[in-house]
Amino acid sequence: MSETDVRAFDREHLDGVIALVDAQGWDTYSEDPERTYRALRSPGSTTLVALDDGVVAGLVQLQSDGEIQAHLSALLVGEAWRGRGLARRLLREALQRAGGMRMDILTSAEAFYRHLGAESKTGFRLRPSDLEGDR
Ligand SMILES: CC(C)(COP(=O)(O)OP(=O)(O)OC[C@H]1O[C@@H](n2cnc3c(N)ncnc32)[C@H](O)[C@@H]1OP(=O)(O)O)[C@@H](O)C(=O)NCCC(=O)NCCS
């Protein structure tokens with residue numbers, strides 16, 4: 001494989017990111033590219049892309065307080081680039097750049113995180129409709 005660069009996500013990577021999320025069927029990221037751009041560049045986010053000869057091969061986004069707690073928002077490596085250590089590198093570089101003592105993750109890729117040695121804890125996903133009502 002040619003040299004893979006990891007760098008901060010910018011406007012020039014948007015089309016490649018959309019192709020990546022579309023191939024994975026991540027509709028909430030692919031259906032409105034400008035919303036995705038704003039989300040990936042939001043304050044408090046650290047978003048990195050892996051580039052293979054200029055092609056977006058992977059993406060990571062995390063939110064961090066810069067000191068203690070980070071949360072993973074997205075991690076995706078394109079099928080053609082899997083199994084080469086790219087996801088581990090993206091996670092490591094994102095946490096180093098963002099700061100934080102730990103990173104919490106909601107995922108369906110359990111086996112991957114167990115393989116990395118992550119500790120398992122119960123997670124939840126709340127939506128605005130879950131918070132309606134005053135009780
Ligand atoms: C999960 C995913 C990010 C892994 O990316 P990757 O670049 O192939 O992972 P890496 O090559 O960095 O793997 C690091 C280690 O985990 C192992 N690993 C990778 N995928 C694994 C899986 N699904 N189950 C168990 N172990 C896995 C690798 O063999 C490697 O082990 P080693 O270091 O002992 O050799 C990628 O398959 C993907 O994008 N999947 C679809 C999207 C997804 O599920 N994202 C996570 C949402 S939170």
# chains A, B, ... in the order shown; residues from 1 in each chain; ligands from 1
>>> residues_near_ligand(ligand="ligand 1", cutoff="12 Å", atoms="only C-alpha atoms and all ligand atoms", output="PyMOL selection string")
chain A and resi 4+20-26+50+57-62+71-92+103-118
>>> residues_around(residues="stretch 37-41 of chain A", least_positions_apart="2", cutoff="10 Å", atoms="only C-alpha atoms", output="PyMOL selection string")
chain A and resi 8-11+13-15+17-18+29+32-35+43-48+59-62+73-74
>>> atom_distance(atom1="atom CA of A:Asp5", atom2="atom CA of A:Arg97")
15.0 Å
>>> atom_distance(atom1="atom CA of A:Gly99", atom2="atom CA of A:Lys121")
21.4 Å
>>> atom_distance(atom1="atom CA of A:Met101", atom2="atom CA of A:Ala70")
7.7 Å
>>> select_by_dssp(residues="chain A", states="helix (DSSP H, G or I)", output="compact mmCIF listing (two decimals) with all heavy atoms, in the first residue's frame")
# COMPACT_ATOMS: atom_id res chain seq x y z
N ARG A 11 -12.71 20.89 3.82
CA ARG A 11 -13.69 20.93 2.73
C ARG A 11 -13.28 20.05 1.54
O ARG A 11 -14.09 19.37 0.94
CB ARG A 11 -13.86 22.39 2.31
CG ARG A 11 -14.58 22.64 1.03
CD ARG A 11 -16.05 22.35 1.07
NE ARG A 11 -16.78 23.29 1.90
CZ ARG A 11 -18.12 23.23 2.05
NH1 ARG A 11 -18.82 22.29 1.44
NH2 ARG A 11 -18.73 24.11 2.82
N GLU A 12 -11.97 20.04 1.25
CA GLU A 12 -11.49 19.28 0.07
C GLU A 12 -11.70 17.77 0.22
O GLU A 12 -11.63 17.03 -0.76
CB GLU A 12 -10.00 19.58 -0.17
CG GLU A 12 -9.12 19.08 0.94
CD GLU A 12 -7.66 19.50 0.83
OE1 GLU A 12 -7.00 19.10 -0.13
OE2 GLU A 12 -7.21 20.24 1.72
N HIS A 13 -11.94 17.30 1.47
CA HIS A 13 -12.13 15.86 1.69
C HIS A 13 -13.60 15.45 1.69
O HIS A 13 -13.91 14.27 1.83
CB HIS A 13 -11.51 15.46 3.04
CG HIS A 13 -10.10 15.91 3.20
ND1 HIS A 13 -9.67 16.68 4.27
CD2 HIS A 13 -9.02 15.73 2.41
CE1 HIS A 13 -8.38 16.94 4.12
NE2 HIS A 13 -7.97 16.38 3.01
N LEU A 14 -14.50 16.44 1.57
CA LEU A 14 -15.92 16.14 1.77
C LEU A 14 -16.45 15.10 0.78
O LEU A 14 -17.12 14.14 1.17
CB LEU A 14 -16.76 17.43 1.70
CG LEU A 14 -18.26 17.24 1.94
CD1 LEU A 14 -18.53 16.66 3.33
CD2 LEU A 14 -19.01 18.57 1.77
N ASP A 15 -16.13 15.25 -0.51
CA ASP A 15 -16.66 14.29 -1.51
C ASP A 15 -16.18 12.88 -1.19
O ASP A 15 -16.95 11.91 -1.29
CB ASP A 15 -16.21 14.68 -2.92
CG ASP A 15 -16.93 15.92 -3.43
OD1 ASP A 15 -17.89 16.37 -2.78
OD2 ASP A 15 -16.51 16.45 -4.48
N GLY A 16 -14.92 12.75 -0.80
CA GLY A 16 -14.37 11.43 -0.47
C GLY A 16 -15.02 10.84 0.77
O GLY A 16 -15.29 9.63 0.84
N VAL A 17 -15.29 11.69 1.74
CA VAL A 17 -15.96 11.23 2.96
C VAL A 17 -17.38 10.77 2.63
O VAL A 17 -17.83 9.73 3.10
CB VAL A 17 -15.97 12.35 4.04
CG1 VAL A 17 -16.98 12.05 5.14
CG2 VAL A 17 -14.57 12.52 4.62
N ILE A 18 -18.07 11.54 1.79
CA ILE A 18 -19.44 11.16 1.43
C ILE A 18 -19.43 9.81 0.69
O ILE A 18 -20.28 8.94 0.93
CB ILE A 18 -20.11 12.27 0.58
CG1 ILE A 18 -20.27 13.55 1.43
CG2 ILE A 18 -21.47 11.81 0.06
CD1 ILE A 18 -21.11 13.42 2.68
N ALA A 19 -18.46 9.61 -0.19
CA ALA A 19 -18.37 8.32 -0.89
C ALA A 19 -18.16 7.18 0.11
O ALA A 19 -18.77 6.10 -0.01
CB ALA A 19 -17.24 8.36 -1.92
N LEU A 20 -17.34 7.43 1.10
CA LEU A 20 -17.03 6.41 2.12
C LEU A 20 -18.27 6.05 2.95
O LEU A 20 -18.59 4.88 3.14
CB LEU A 20 -15.93 6.97 3.03
CG LEU A 20 -15.06 6.02 3.81
CD1 LEU A 20 -14.17 5.22 2.87
CD2 LEU A 20 -14.19 6.81 4.79
N VAL A 21 -18.96 7.07 3.45
CA VAL A 21 -20.14 6.80 4.30
C VAL A 21 -21.29 6.21 3.47
O VAL A 21 -22.04 5.37 3.96
CB VAL A 21 -20.60 8.06 5.09
CG1 VAL A 21 -19.56 8.47 6.10
CG2 VAL A 21 -20.96 9.22 4.19
N ASP A 22 -21.39 6.65 2.22
CA ASP A 22 -22.42 6.12 1.33
C ASP A 22 -22.19 4.62 1.10
O ASP A 22 -23.13 3.82 1.17
CB ASP A 22 -22.37 6.90 0.01
CG ASP A 22 -23.65 6.76 -0.77
OD1 ASP A 22 -24.71 6.56 -0.13
OD2 ASP A 22 -23.60 6.83 -2.01
N ALA A 23 -20.95 4.24 0.86
CA ALA A 23 -20.62 2.82 0.62
C ALA A 23 -20.95 1.97 1.85
O ALA A 23 -21.27 0.80 1.75
CB ALA A 23 -19.15 2.68 0.25
N GLN A 24 -20.89 2.60 3.04
CA GLN A 24 -21.17 1.88 4.29
C GLN A 24 -22.66 1.91 4.64
O GLN A 24 -23.08 1.24 5.57
CB GLN A 24 -20.33 2.51 5.43
CG GLN A 24 -20.35 1.75 6.73
CD GLN A 24 -19.76 0.34 6.64
OE1 GLN A 24 -18.88 0.09 5.84
NE2 GLN A 24 -20.26 -0.58 7.45
N ASP A 27 -26.67 6.53 6.11
CA ASP A 27 -27.53 7.52 5.47
C ASP A 27 -27.55 8.87 6.18
O ASP A 27 -27.65 9.91 5.55
CB ASP A 27 -28.97 7.00 5.39
CG ASP A 27 -29.06 5.76 4.53
OD1 ASP A 27 -28.09 5.48 3.79
OD2 ASP A 27 -30.09 5.05 4.60
N THR A 28 -27.48 8.85 7.50
CA THR A 28 -27.55 10.14 8.21
C THR A 28 -26.34 11.01 7.86
O THR A 28 -26.40 12.23 7.98
CB THR A 28 -27.61 9.97 9.75
OG1 THR A 28 -26.66 9.00 10.15
CG2 THR A 28 -28.99 9.56 10.22
N TYR A 29 -25.26 10.40 7.41
CA TYR A 29 -24.09 11.18 6.99
C TYR A 29 -24.09 11.46 5.48
O TYR A 29 -23.50 12.45 5.05
CB TYR A 29 -22.80 10.45 7.38
CG TYR A 29 -22.48 10.58 8.85
CD1 TYR A 29 -23.00 9.69 9.78
CD2 TYR A 29 -21.65 11.61 9.32
CE1 TYR A 29 -22.72 9.82 11.14
CE2 TYR A 29 -21.36 11.74 10.66
CZ TYR A 29 -21.90 10.85 11.57
OH TYR A 29 -21.62 10.99 12.90
N SER A 30 -24.71 10.59 4.69
CA SER A 30 -24.59 10.75 3.23
C SER A 30 -25.73 11.59 2.64
O SER A 30 -25.57 12.17 1.57
CB SER A 30 -24.55 9.39 2.54
OG SER A 30 -25.74 8.67 2.76
N PRO A 33 -24.81 16.34 2.40
CA PRO A 33 -23.37 16.59 2.53
C PRO A 33 -23.01 17.87 3.29
O PRO A 33 -22.05 17.89 4.07
CB PRO A 33 -22.89 16.64 1.08
CG PRO A 33 -23.85 15.77 0.35
CD PRO A 33 -25.18 16.01 1.02
N GLU A 34 -23.79 18.94 3.10
CA GLU A 34 -23.45 20.19 3.80
C GLU A 34 -23.68 20.06 5.31
O GLU A 34 -22.92 20.58 6.12
CB GLU A 34 -24.26 21.36 3.24
CG GLU A 34 -23.72 21.87 1.92
CD GLU A 34 -22.23 22.22 1.97
OE1 GLU A 34 -21.79 22.90 2.91
OE2 GLU A 34 -21.49 21.81 1.05
N ARG A 35 -24.73 19.32 5.71
CA ARG A 35 -24.95 19.06 7.14
C ARG A 35 -23.78 18.23 7.69
O ARG A 35 -23.29 18.51 8.79
CB ARG A 35 -26.27 18.32 7.33
CG ARG A 35 -26.61 18.03 8.78
CD ARG A 35 -27.93 17.31 8.93
NE ARG A 35 -27.88 15.97 8.37
CZ ARG A 35 -28.94 15.21 8.15
NH1 ARG A 35 -30.15 15.66 8.41
NH2 ARG A 35 -28.81 14.00 7.66
N THR A 36 -23.36 17.25 6.92
CA THR A 36 -22.23 16.43 7.36
C THR A 36 -20.97 17.27 7.49
O THR A 36 -20.21 17.13 8.46
CB THR A 36 -22.01 15.26 6.36
OG1 THR A 36 -23.17 14.43 6.42
CG2 THR A 36 -20.78 14.45 6.69
N TYR A 37 -20.76 18.18 6.55
CA TYR A 37 -19.59 19.06 6.64
C TYR A 37 -19.64 19.88 7.94
O TYR A 37 -18.66 19.95 8.67
CB TYR A 37 -19.54 20.00 5.42
CG TYR A 37 -18.39 20.97 5.50
CD1 TYR A 37 -17.09 20.55 5.27
CD2 TYR A 37 -18.61 22.30 5.85
CE1 TYR A 37 -16.02 21.43 5.37
CE2 TYR A 37 -17.56 23.19 5.95
CZ TYR A 37 -16.26 22.75 5.72
OH TYR A 37 -15.23 23.63 5.84
N ARG A 38 -20.80 20.46 8.22
CA ARG A 38 -20.91 21.27 9.45
C ARG A 38 -20.69 20.39 10.69
O ARG A 38 -20.01 20.80 11.63
CB ARG A 38 -22.30 21.93 9.54
CG ARG A 38 -22.54 23.00 8.51
CD ARG A 38 -23.81 23.81 8.84
NE ARG A 38 -25.03 23.01 8.90
CZ ARG A 38 -25.79 22.69 7.86
NH1 ARG A 38 -25.45 23.08 6.64
NH2 ARG A 38 -26.89 21.97 8.01
N ALA A 39 -21.24 19.18 10.65
CA ALA A 39 -21.11 18.29 11.80
C ALA A 39 -19.64 17.89 12.03
O ALA A 39 -19.16 17.89 13.17
CB ALA A 39 -21.96 17.03 11.59
N LEU A 40 -18.96 17.59 10.95
CA LEU A 40 -17.57 17.12 11.09
C LEU A 40 -16.62 18.25 11.47
O LEU A 40 -15.53 18.00 11.98
CB LEU A 40 -17.11 16.44 9.80
CG LEU A 40 -17.84 15.14 9.44
CD1 LEU A 40 -17.31 14.58 8.11
CD2 LEU A 40 -17.71 14.09 10.54
N GLU A 79 -13.65 -0.46 2.92
CA GLU A 79 -13.40 -1.91 2.84
C GLU A 79 -12.04 -2.25 2.25
O GLU A 79 -11.37 -3.16 2.73
CB GLU A 79 -14.50 -2.57 2.00
CG GLU A 79 -15.66 -3.01 2.86
CD GLU A 79 -16.51 -4.08 2.19
OE1 GLU A 79 -16.01 -5.18 1.95
OE2 GLU A 79 -17.67 -3.76 1.90
N ALA A 80 -11.64 -1.52 1.25
CA ALA A 80 -10.38 -1.82 0.57
C ALA A 80 -9.16 -1.60 1.45
O ALA A 80 -8.07 -2.10 1.14
CB ALA A 80 -10.26 -0.96 -0.69
N TRP A 81 -9.33 -0.86 2.55
CA TRP A 81 -8.17 -0.49 3.38
C TRP A 81 -8.21 -1.16 4.75
O TRP A 81 -7.41 -0.84 5.62
CB TRP A 81 -8.11 1.03 3.55
CG TRP A 81 -7.84 1.76 2.29
CD1 TRP A 81 -6.61 2.00 1.73
CD2 TRP A 81 -8.79 2.37 1.41
NE1 TRP A 81 -6.75 2.71 0.56
CE2 TRP A 81 -8.08 2.96 0.34
CE3 TRP A 81 -10.18 2.46 1.42
CZ2 TRP A 81 -8.71 3.64 -0.70
CZ3 TRP A 81 -10.82 3.14 0.38
CH2 TRP A 81 -10.08 3.72 -0.67
N LEU A 86 -5.27 0.84 10.15
CA LEU A 86 -5.68 2.24 9.95
C LEU A 86 -6.63 2.72 11.05
O LEU A 86 -6.51 3.86 11.52
CB LEU A 86 -6.35 2.35 8.58
CG LEU A 86 -6.18 3.65 7.82
CD1 LEU A 86 -4.75 4.15 7.85
CD2 LEU A 86 -6.66 3.45 6.37
N ALA A 87 -7.57 1.89 11.45
CA ALA A 87 -8.53 2.32 12.48
C ALA A 87 -7.80 2.59 13.80
O ALA A 87 -8.05 3.61 14.46
CB ALA A 87 -9.60 1.26 12.68
N ARG A 88 -6.90 1.70 14.18
CA ARG A 88 -6.15 1.92 15.42
C ARG A 88 -5.36 3.24 15.34
O ARG A 88 -5.34 4.03 16.28
CB ARG A 88 -5.20 0.74 15.67
CG ARG A 88 -4.46 0.87 16.98
CD ARG A 88 -3.36 -0.15 17.10
NE ARG A 88 -3.76 -1.30 17.90
CZ ARG A 88 -3.74 -2.56 17.49
NH1 ARG A 88 -3.35 -2.84 16.28
NH2 ARG A 88 -4.10 -3.53 18.29
N ARG A 89 -4.75 3.47 14.19
CA ARG A 89 -3.96 4.70 14.02
C ARG A 89 -4.85 5.95 14.08
O ARG A 89 -4.50 6.95 14.71
CB ARG A 89 -3.22 4.62 12.68
CG ARG A 89 -2.34 5.81 12.42
CD ARG A 89 -1.52 5.62 11.16
NE ARG A 89 -1.02 6.90 10.70
CZ ARG A 89 -0.60 7.14 9.46
NH1 ARG A 89 -0.61 6.18 8.56
NH2 ARG A 89 -0.16 8.33 9.13
N LEU A 90 -6.00 5.89 13.44
CA LEU A 90 -6.91 7.04 13.47
C LEU A 90 -7.37 7.32 14.90
O LEU A 90 -7.41 8.48 15.33
CB LEU A 90 -8.12 6.77 12.57
CG LEU A 90 -7.87 6.91 11.06
CD1 LEU A 90 -9.03 6.31 10.27
CD2 LEU A 90 -7.64 8.37 10.67
N LEU A 91 -7.73 6.27 15.64
CA LEU A 91 -8.17 6.46 17.03
C LEU A 91 -7.04 7.05 17.88
O LEU A 91 -7.25 7.99 18.66
CB LEU A 91 -8.62 5.12 17.63
CG LEU A 91 -9.93 4.56 17.10
CD1 LEU A 91 -10.11 3.12 17.56
CD2 LEU A 91 -11.12 5.40 17.53
N ARG A 92 -5.85 6.50 17.72
CA ARG A 92 -4.71 6.97 18.51
C ARG A 92 -4.40 8.43 18.21
O ARG A 92 -4.24 9.26 19.11
CB ARG A 92 -3.48 6.09 18.21
CG ARG A 92 -2.27 6.41 19.07
CD ARG A 92 -1.13 5.44 18.82
NE ARG A 92 -0.72 5.40 17.43
CZ ARG A 92 -0.66 4.29 16.69
NH1 ARG A 92 -0.95 3.12 17.20
NH2 ARG A 92 -0.27 4.35 15.43
N GLU A 93 -4.32 8.77 16.92
CA GLU A 93 -3.96 10.14 16.55
C GLU A 93 -5.05 11.13 16.95
O GLU A 93 -4.77 12.25 17.39
CB GLU A 93 -3.64 10.24 15.06
CG GLU A 93 -2.36 9.48 14.75
CD GLU A 93 -1.68 9.90 13.45
OE1 GLU A 93 -1.96 11.01 12.95
OE2 GLU A 93 -0.86 9.12 12.96
N ALA A 94 -6.32 10.72 16.82
CA ALA A 94 -7.40 11.63 17.19
C ALA A 94 -7.38 11.91 18.69
O ALA A 94 -7.53 13.06 19.12
CB ALA A 94 -8.75 11.04 16.77
N LEU A 95 -7.17 10.88 19.50
CA LEU A 95 -7.14 11.10 20.96
C LEU A 95 -5.92 11.92 21.37
O LEU A 95 -6.02 12.79 22.22
CB LEU A 95 -7.19 9.76 21.71
CG LEU A 95 -7.40 9.86 23.21
CD1 LEU A 95 -8.68 10.61 23.56
CD2 LEU A 95 -7.43 8.47 23.86
N GLN A 96 -4.79 11.66 20.71
CA GLN A 96 -3.59 12.46 21.00
C GLN A 96 -3.83 13.93 20.69
O GLN A 96 -3.48 14.81 21.46
CB GLN A 96 -2.41 11.96 20.17
CG GLN A 96 -1.64 10.84 20.82
CD GLN A 96 -0.63 10.20 19.86
OE1 GLN A 96 -0.49 10.62 18.72
NE2 GLN A 96 0.06 9.19 20.34
N ARG A 97 -4.43 14.19 19.53
CA ARG A 97 -4.63 15.59 19.13
C ARG A 97 -5.70 16.27 19.98
O ARG A 97 -5.56 17.45 20.32
CB ARG A 97 -5.07 15.67 17.67
CG ARG A 97 -3.98 15.28 16.70
CD ARG A 97 -4.41 15.64 15.29
NE ARG A 97 -3.57 14.99 14.30
CZ ARG A 97 -3.42 15.40 13.06
NH1 ARG A 97 -4.05 16.49 12.66
NH2 ARG A 97 -2.66 14.76 12.20
N ALA A 98 -6.77 15.53 20.31
CA ALA A 98 -7.90 16.14 21.02
C ALA A 98 -7.62 16.29 22.50
O ALA A 98 -8.10 17.22 23.15
CB ALA A 98 -9.15 15.29 20.82
N GLU A 110 -18.45 -4.55 18.21
CA GLU A 110 -17.95 -4.98 19.53
C GLU A 110 -16.65 -5.76 19.46
O GLU A 110 -15.74 -5.54 20.27
CB GLU A 110 -18.99 -5.89 20.18
CG GLU A 110 -20.07 -5.15 20.92
CD GLU A 110 -20.90 -6.13 21.73
OE1 GLU A 110 -20.32 -6.84 22.58
OE2 GLU A 110 -22.10 -6.18 21.48
N ALA A 111 -16.57 -6.67 18.51
CA ALA A 111 -15.40 -7.56 18.45
C ALA A 111 -14.13 -6.75 18.22
O ALA A 111 -13.06 -7.08 18.76
CB ALA A 111 -15.58 -8.60 17.35
N PHE A 112 -14.26 -5.70 17.43
CA PHE A 112 -13.10 -4.85 17.14
C PHE A 112 -12.58 -4.19 18.42
O PHE A 112 -11.39 -4.25 18.72
CB PHE A 112 -13.49 -3.81 16.08
CG PHE A 112 -12.47 -2.72 15.90
CD1 PHE A 112 -11.22 -2.99 15.38
CD2 PHE A 112 -12.76 -1.40 16.26
CE1 PHE A 112 -10.26 -1.98 15.20
CE2 PHE A 112 -11.84 -0.38 16.08
CZ PHE A 112 -10.58 -0.68 15.56
N TYR A 113 -13.50 -3.59 19.19
CA TYR A 113 -13.05 -2.88 20.41
C TYR A 113 -12.57 -3.86 21.48
O TYR A 113 -11.62 -3.56 22.20
CB TYR A 113 -14.15 -1.95 20.92
CG TYR A 113 -14.37 -0.81 19.96
CD1 TYR A 113 -15.48 -0.78 19.12
CD2 TYR A 113 -13.44 0.21 19.84
CE1 TYR A 113 -15.65 0.24 18.20
CE2 TYR A 113 -13.60 1.23 18.92
CZ TYR A 113 -14.71 1.23 18.10
OH TYR A 113 -14.86 2.25 17.18
N ARG A 114 -13.21 -5.01 21.56
CA ARG A 114 -12.71 -6.03 22.51
C ARG A 114 -11.30 -6.44 22.11
O ARG A 114 -10.43 -6.62 22.96
CB ARG A 114 -13.63 -7.26 22.50
CG ARG A 114 -14.93 -7.02 23.25
CD ARG A 114 -15.70 -8.32 23.42
NE ARG A 114 -17.08 -8.05 23.77
CZ ARG A 114 -17.49 -7.68 24.98
NH1 ARG A 114 -16.61 -7.57 25.96
NH2 ARG A 114 -18.77 -7.44 25.23
N HIS A 115 -11.09 -6.59 20.80
CA HIS A 115 -9.76 -6.99 20.31
C HIS A 115 -8.72 -5.93 20.70
O HIS A 115 -7.57 -6.28 21.03
CB HIS A 115 -9.78 -7.18 18.80
CG HIS A 115 -8.49 -7.69 18.25
ND1 HIS A 115 -8.18 -9.04 18.20
CD2 HIS A 115 -7.40 -7.05 17.77
CE1 HIS A 115 -6.97 -9.19 17.70
NE2 HIS A 115 -6.47 -7.99 17.42
N LEU A 116 -9.10 -4.66 20.65
CA LEU A 116 -8.15 -3.61 21.04
C LEU A 116 -7.90 -3.60 22.55
O LEU A 116 -6.96 -2.96 23.00
CB LEU A 116 -8.67 -2.23 20.62
CG LEU A 116 -8.77 -1.91 19.13
CD1 LEU A 116 -9.15 -0.45 18.93
CD2 LEU A 116 -7.46 -2.22 18.40
N PRO A 128 -34.24 13.39 21.13
CA PRO A 128 -35.08 14.46 21.70
C PRO A 128 -36.45 13.97 22.14
O PRO A 128 -36.97 14.39 23.19
CB PRO A 128 -35.17 15.47 20.57
CG PRO A 128 -33.89 15.28 19.81
CD PRO A 128 -33.59 13.80 19.86
N SER A 129 -37.07 13.05 21.36
CA SER A 129 -38.42 12.57 21.70
C SER A 129 -38.44 11.83 23.03
O SER A 129 -39.48 11.75 23.69
CB SER A 129 -38.95 11.66 20.59
OG SER A 129 -38.05 10.59 20.40
N ASP A 130 -37.30 11.27 23.45
CA ASP A 130 -37.24 10.57 24.73
C ASP A 130 -37.33 11.55 25.90
O ASP A 130 -37.57 11.14 27.04
CB ASP A 130 -35.92 9.80 24.87
CG ASP A 130 -35.76 8.75 23.77
OD1 ASP A 130 -36.75 8.08 23.46
OD2 ASP A 130 -34.64 8.63 23.23
N LEU A 131 -37.10 12.83 25.63
CA LEU A 131 -36.99 13.82 26.71
C LEU A 131 -38.21 14.72 26.79
O LEU A 131 -38.21 15.70 27.53
CB LEU A 131 -35.72 14.66 26.49
CG LEU A 131 -34.44 13.83 26.44
CD1 LEU A 131 -33.25 14.70 26.03
CD2 LEU A 131 -34.16 13.17 27.78
>>> select_by_dssp(residues="chain A", states="strand (DSSP E or B)", output="number ranges by chain")
A: 4-8, 45-52, 55-64, 69-77, 102-104
